[in-house]
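All remarks here apply to the structure that follows.
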Amino acid sequence: MNGNLEYYKVFYHVASLGSITLAADKLCISQPAVSQTIRQLEQSLDSRLFLRTPKGVRLTREGEVFYDYVKAGLENIWNGETVLKRMRDLDTGEVRIGASDMTLQFYLLPYLEQFHELYPGIKVTVSNGPTPETLGFLYQGKIDFGVVSTPFEARNQVVSTDVKEIRNVFVAGEKFRHLEGKVLDYEILKELPCIFLEKPTSTRIFMDDYLASHNVVVEPEFELSTSDMIVQFAMRNLGVGCVMSEFAQAELEKGNLIELKFREEMPKRHFSLVTDKKLPMSTAGNRLLRLMMNDISENYEEYK
């Protein structure tokens, strides 16, 4: 194989235009330089590639076979360069994000809507899963970044920035109205049917650890995969549910649920953006992250 890609470019243009003169004009080089290049390529391949005609040149049989391969190869390279340029210009490309139902619904969606309006050609893929699963996707390079909820443990290369404060609440339906307005101790949860998220979500880990710090261990009657379902179960008086406050807000305002008050409120948590310093991020992913970090831009340097 001849190592000089320019030889193949010259061959391609001479063959496609059928003229050494036109090829020289196209490539902005002299006709003798084009002729010399073709001779050198023929010598290196030990094959005659062109025949001269009164109107220019035409391919030999060997030249026709060779041209099909050169054409496919060069056009693939040029198409690749075009795609890369479009990715840099954000005409196309892909953003891969990891997020839970909670972080997607109450933080990420408005940013995705804004990003899509700015860059409609960018494909956005969301890998849906709890925080531990999202961190796993990040380590494996399957996502550009994740939106997770605290608390969590991550490897040293993970950069985390808190972006939104969240609060956990205990809610219940009409059957538990007698508890409304009372200041309760967490011990009472041992006596009540409970509805919790399944393990190992960050919300469940946080709640179990917090209750354990008060010497309270609860075995829930129901373990569900989504907070929306916890709200629905609580409204049907199946027990006391623990969810992020925003999941229950609408039903609390309607009076379909009550919020239980405890002597000591559970600590606030956060949604956090997480990236891996050891892994490259796509151009489109970097642009979306910039958009999301706009309000706390002084921290963005950590992601570069």
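If you're wondering about the labels, chains in the structure tokens are A, B, ... by order shown, residues count from 1 in each chain, ligands from 1 in order shown.
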
Near-A:Tyr186 list (9 Å; only C-alpha atoms; drop same-chain fewer than 5 positions) as an mmCIF file with N, CA and C atoms, in the first residue's frame:
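What follows is the written file out-v4.cif:
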```
data_model
loop_
_atom_site.group_PDB
_atom_site.id
_atom_site.type_symbol
_atom_site.label_atom_id
_atom_site.label_comp_id
_atom_site.auth_asym_id
_atom_site.auth_seq_id
_atom_site.Cartn_x
_atom_site.Cartn_y
_atom_site.Cartn_z
ATOM 1 N N LEU A 211 -33.393 6.668 60.147
ATOM 2 C CA LEU A 211 -34.227 6.040 61.170
ATOM 3 C C LEU A 211 -33.386 5.181 62.117
ATOM 4 N N HIS A 214 -31.944 6.826 64.964
ATOM 5 C CA HIS A 214 -32.903 7.066 66.045
ATOM 6 C C HIS A 214 -33.378 5.741 66.647
ATOM 7 N N VAL A 216 -34.637 3.210 65.210
ATOM 8 C CA VAL A 216 -35.907 2.779 64.619
ATOM 9 C C VAL A 216 -35.617 1.963 63.371
ATOM 10 N N PHE A 262 -42.945 15.387 62.535
ATOM 11 C CA PHE A 262 -42.122 14.704 63.539
ATOM 12 C C PHE A 262 -41.339 15.715 64.362
ATOM 13 N N ARG A 263 -41.011 15.286 65.545
ATOM 14 C CA ARG A 263 -40.318 16.166 66.479
ATOM 15 C C ARG A 263 -39.005 16.674 65.880
ATOM 16 N N GLU A 264 -38.370 15.823 65.124
ATOM 17 C CA GLU A 264 -37.117 16.191 64.458
ATOM 18 C C GLU A 264 -37.274 15.956 62.959
#
```

Backbone DSSP call of alpha helix (DSSP H) for stretch 11-206 of chain A, listed as an MDAnalysis selection string: chainID A and resid 11:17 20:27 31:45 61:88 101:103 109:118 131:139 202:206

Tell me, as a compact mmCIF listing (two decimals) with N, CA and C atoms, in the first residue's frame, which residues lie within 12 Å of A:Leu109, counting only C-alpha atoms; anything in the same chain fewer than 5 positions away does not count.
```txt
# COMPACT_ATOMS: atom_id res chain seq x y z
N ILE A 97 -27.23 10.58 29.21
CA ILE A 97 -27.42 11.02 30.59
C ILE A 97 -27.97 9.87 31.42
N ALA A 99 -30.20 9.18 34.90
CA ALA A 99 -31.08 9.89 35.83
C ALA A 99 -32.15 8.95 36.35
N SER A 100 -32.62 9.22 37.57
CA SER A 100 -33.75 8.48 38.12
C SER A 100 -35.04 9.18 37.71
N ASP A 101 -36.18 8.52 37.98
CA ASP A 101 -37.47 9.16 37.72
C ASP A 101 -37.56 10.49 38.46
N MET A 102 -37.06 10.51 39.69
CA MET A 102 -37.15 11.69 40.54
C MET A 102 -36.32 12.85 39.99
N THR A 103 -35.05 12.58 39.66
CA THR A 103 -34.18 13.65 39.16
C THR A 103 -34.61 14.10 37.76
N LEU A 104 -35.13 13.17 36.98
CA LEU A 104 -35.60 13.52 35.63
C LEU A 104 -36.81 14.44 35.70
N GLN A 114 -35.20 22.95 26.99
CA GLN A 114 -34.47 24.12 26.52
C GLN A 114 -33.36 23.72 25.54
N PHE A 115 -32.65 22.63 25.86
CA PHE A 115 -31.56 22.17 25.00
C PHE A 115 -32.09 21.74 23.64
N HIS A 116 -33.22 21.05 23.64
CA HIS A 116 -33.81 20.59 22.37
C HIS A 116 -34.22 21.76 21.49
N VAL A 124 -30.78 12.87 22.38
CA VAL A 124 -30.60 12.77 23.83
C VAL A 124 -31.07 11.40 24.29
N VAL A 126 -31.49 9.00 27.64
CA VAL A 126 -31.52 8.98 29.10
C VAL A 126 -31.58 7.54 29.58
N VAL A 147 -27.39 12.65 36.85
CA VAL A 147 -28.06 13.48 37.85
C VAL A 147 -28.56 12.52 38.92
N MET A 292 -26.79 23.61 32.04
CA MET A 292 -27.32 23.26 33.36
C MET A 292 -26.54 23.93 34.48
```

Selection: 12 Å around A:Glu42, only C-alpha atoms, excl. self and same-chain fewer than 5 positions, as an mmCIF file with C-alpha atoms, in the first residue's frame:
```
data_model
loop_
_atom_site.group_PDB
_atom_site.id
_atom_site.type_symbol
_atom_site.label_atom_id
_atom_site.label_comp_id
_atom_site.auth_asym_id
_atom_site.auth_seq_id
_atom_site.Cartn_x
_atom_site.Cartn_y
_atom_site.Cartn_z
ATOM 1 C CA MET A 1 0.000 0.000 0.000
ATOM 2 C CA ASN A 2 1.253 3.456 -0.886
ATOM 3 C CA TYR A 7 -1.681 10.009 -4.258
ATOM 4 C CA TYR A 8 -5.145 8.507 -3.857
ATOM 5 C CA PHE A 11 -6.073 9.475 -8.584
ATOM 6 C CA SER A 35 0.972 13.452 -14.100
ATOM 7 C CA GLN A 36 4.004 12.697 -11.908
ATOM 8 C CA THR A 37 1.787 11.570 -9.039
ATOM 9 C CA SER A 47 -0.426 -1.545 -12.636
ATOM 10 C CA ARG A 48 -1.543 0.690 -15.505
ATOM 11 C CA LEU A 49 -4.431 2.800 -14.217
ATOM 12 C CA PHE A 50 -5.201 5.209 -17.079
ATOM 13 C CA LEU A 51 -5.246 5.285 -20.867
ATOM 14 C CA THR A 60 -8.117 0.770 -17.535
ATOM 15 C CA GLU A 62 -7.490 -2.458 -13.337
ATOM 16 C CA GLY A 63 -8.063 1.263 -12.789
ATOM 17 C CA PHE A 66 -9.137 0.223 -7.970
#
```

A:Glu251 environment, 12 Å, only C-alpha atoms, sequence neighbours closer than 2 positions dropped, as a list in words: Val171, Ala172, Gly173, Glu174, Asp228, Val231, Gln232, Ala234, Met235, Ser245, Glu246, Phe247, Ala248, Gln249, Glu253, Lys254, Gly255, Asn256, Leu257, Ile258 and Glu259 of chain A

Go ahead and save the picked residues with N, CA and C atoms, as a PDB file, in the first residue's frame.
```
ATOM      1  N   VAL A 171     -46.200  10.801  54.259  1.00  0.00           N
ATOM      2  CA  VAL A 171     -47.574  11.188  53.918  1.00  0.00           C
ATOM      3  C   VAL A 171     -48.508   9.999  54.096  1.00  0.00           C
ATOM      4  N   ALA A 172     -49.786  10.325  54.305  1.00  0.00           N
ATOM      5  CA  ALA A 172     -50.788   9.274  54.504  1.00  0.00           C
ATOM      6  C   ALA A 172     -52.147   9.775  54.048  1.00  0.00           C
ATOM      7  N   GLY A 173     -53.090   8.836  53.871  1.00  0.00           N
ATOM      8  CA  GLY A 173     -54.426   9.165  53.408  1.00  0.00           C
ATOM      9  C   GLY A 173     -55.409   9.438  54.537  1.00  0.00           C
ATOM     10  N   GLU A 174     -56.686   9.492  54.180  1.00  0.00           N
ATOM     11  CA  GLU A 174     -57.759   9.876  55.099  1.00  0.00           C
ATOM     12  C   GLU A 174     -57.821   8.989  56.338  1.00  0.00           C
ATOM     13  N   ASP A 228     -44.117   7.819  42.562  1.00  0.00           N
ATOM     14  CA  ASP A 228     -45.500   8.050  42.133  1.00  0.00           C
ATOM     15  C   ASP A 228     -46.430   6.968  42.665  1.00  0.00           C
ATOM     16  N   VAL A 231     -47.259   7.441  46.372  1.00  0.00           N
ATOM     17  CA  VAL A 231     -48.323   8.425  46.557  1.00  0.00           C
ATOM     18  C   VAL A 231     -49.690   7.786  46.316  1.00  0.00           C
ATOM     19  N   GLN A 232     -49.801   6.988  45.250  1.00  0.00           N
ATOM     20  CA  GLN A 232     -51.076   6.339  44.943  1.00  0.00           C
ATOM     21  C   GLN A 232     -51.488   5.352  46.035  1.00  0.00           C
ATOM     22  N   ALA A 234     -50.574   5.451  49.192  1.00  0.00           N
ATOM     23  CA  ALA A 234     -50.919   6.219  50.396  1.00  0.00           C
ATOM     24  C   ALA A 234     -52.319   6.807  50.287  1.00  0.00           C
ATOM     25  N   MET A 235     -52.694   7.302  49.120  1.00  0.00           N
ATOM     26  CA  MET A 235     -54.023   7.864  48.922  1.00  0.00           C
ATOM     27  C   MET A 235     -55.116   6.818  49.110  1.00  0.00           C
ATOM     28  N   SER A 245     -40.830  15.560  48.779  1.00  0.00           N
ATOM     29  CA  SER A 245     -42.017  16.390  48.990  1.00  0.00           C
ATOM     30  C   SER A 245     -42.734  16.748  47.694  1.00  0.00           C
ATOM     31  N   GLU A 246     -41.982  16.988  46.615  1.00  0.00           N
ATOM     32  CA  GLU A 246     -42.610  17.437  45.374  1.00  0.00           C
ATOM     33  C   GLU A 246     -43.506  16.380  44.746  1.00  0.00           C
ATOM     34  N   PHE A 247     -43.223  15.093  45.006  1.00  0.00           N
ATOM     35  CA  PHE A 247     -44.091  14.046  44.484  1.00  0.00           C
ATOM     36  C   PHE A 247     -45.488  14.129  45.094  1.00  0.00           C
ATOM     37  N   ALA A 248     -45.574  14.527  46.360  1.00  0.00           N
ATOM     38  CA  ALA A 248     -46.852  14.537  47.072  1.00  0.00           C
ATOM     39  C   ALA A 248     -47.517  15.904  47.101  1.00  0.00           C
ATOM     40  N   GLN A 249     -46.836  16.947  46.609  1.00  0.00           N
ATOM     41  CA  GLN A 249     -47.302  18.318  46.790  1.00  0.00           C
ATOM     42  C   GLN A 249     -48.725  18.546  46.281  1.00  0.00           C
ATOM     43  N   GLU A 253     -51.993  19.558  48.629  1.00  0.00           N
ATOM     44  CA  GLU A 253     -52.749  20.801  48.431  1.00  0.00           C
ATOM     45  C   GLU A 253     -54.232  20.530  48.214  1.00  0.00           C
ATOM     46  N   LYS A 254     -54.555  19.404  47.585  1.00  0.00           N
ATOM     47  CA  LYS A 254     -55.961  19.044  47.362  1.00  0.00           C
ATOM     48  C   LYS A 254     -56.616  18.479  48.621  1.00  0.00           C
ATOM     49  N   GLY A 255     -55.813  18.119  49.607  1.00  0.00           N
ATOM     50  CA  GLY A 255     -56.359  17.514  50.819  1.00  0.00           C
ATOM     51  C   GLY A 255     -56.521  16.012  50.733  1.00  0.00           C
ATOM     52  N   ASN A 256     -56.006  15.406  49.663  1.00  0.00           N
ATOM     53  CA  ASN A 256     -56.104  13.950  49.518  1.00  0.00           C
ATOM     54  C   ASN A 256     -55.063  13.223  50.367  1.00  0.00           C
ATOM     55  N   LEU A 257     -54.037  13.937  50.787  1.00  0.00           N
ATOM     56  CA  LEU A 257     -53.002  13.388  51.651  1.00  0.00           C
ATOM     57  C   LEU A 257     -52.740  14.354  52.791  1.00  0.00           C
ATOM     58  N   ILE A 258     -52.224  13.819  53.904  1.00  0.00           N
ATOM     59  CA  ILE A 258     -51.741  14.653  54.995  1.00  0.00           C
ATOM     60  C   ILE A 258     -50.244  14.382  55.158  1.00  0.00           C
ATOM     61  N   GLU A 259     -49.518  15.391  55.634  1.00  0.00           N
ATOM     62  CA  GLU A 259     -48.099  15.196  55.933  1.00  0.00           C
ATOM     63  C   GLU A 259     -47.938  15.001  57.433  1.00  0.00           C
TER      64      GLU A 259
END
```

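Closest approach to A:Pro220 from the set A:Ile195, A:Arg155, A:Thr201, A:Phe206 is made by A:Ile195, with distances taken over only C-alpha atoms.
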
Quick one: residues within 9 Å of A:Lys9, only C-alpha atoms, excluding same-chain residues fewer than 5 positions away - as a PDB file with N, CA and C atoms, in the first residue's frame?
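File written: selection_18.pdb
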```pdb
ATOM      1  N   VAL A  14      -8.644  12.653 -10.865  1.00  0.00           N
ATOM      2  CA  VAL A  14      -8.373  12.411 -12.285  1.00  0.00           C
ATOM      3  C   VAL A  14      -9.400  11.433 -12.845  1.00  0.00           C
ATOM      4  N   LEU A  27      -7.496  20.577  -7.715  1.00  0.00           N
ATOM      5  CA  LEU A  27      -6.590  20.407  -6.578  1.00  0.00           C
ATOM      6  C   LEU A  27      -5.663  21.605  -6.380  1.00  0.00           C
ATOM      7  N   VAL A  70     -11.025   3.084  -3.912  1.00  0.00           N
ATOM      8  CA  VAL A  70     -10.504   4.403  -3.510  1.00  0.00           C
ATOM      9  C   VAL A  70     -11.654   5.375  -3.282  1.00  0.00           C
ATOM     10  N   LEU A  74     -12.144   7.200   0.295  1.00  0.00           N
ATOM     11  CA  LEU A  74     -12.007   8.650   0.430  1.00  0.00           C
ATOM     12  C   LEU A  74     -13.327   9.316   0.806  1.00  0.00           C
TER      13      LEU A  74
END
```

Shell around A:Gly285 at 10 Å using only C-alpha atoms, local window under 2 positions removed, as a list of chain:residue names: A:Gly93, A:Glu94, A:Val95, A:Arg96, A:Ile97, A:Ile122, A:Val124, A:Ile143, A:Asp144, A:Phe145, A:Pro280, A:Met281, A:Ser282, A:Thr283, A:Arg287, A:Leu288, A:Leu289, A:Arg290, A:Leu291

For atom CA of A:His270 and atom CA of A:Thr161, the interatomic separation in Å (one decimal):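 Answer for the atom CA of A:His270 to atom CA of A:Thr161 separation: 9.4 Å.
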
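For the choices A:Leu260, A:Pro32, A:Val159, A:Glu117, the atom-to-atom distance to A:Leu184 is smallest for A:Leu260 when using only C-alpha atoms.
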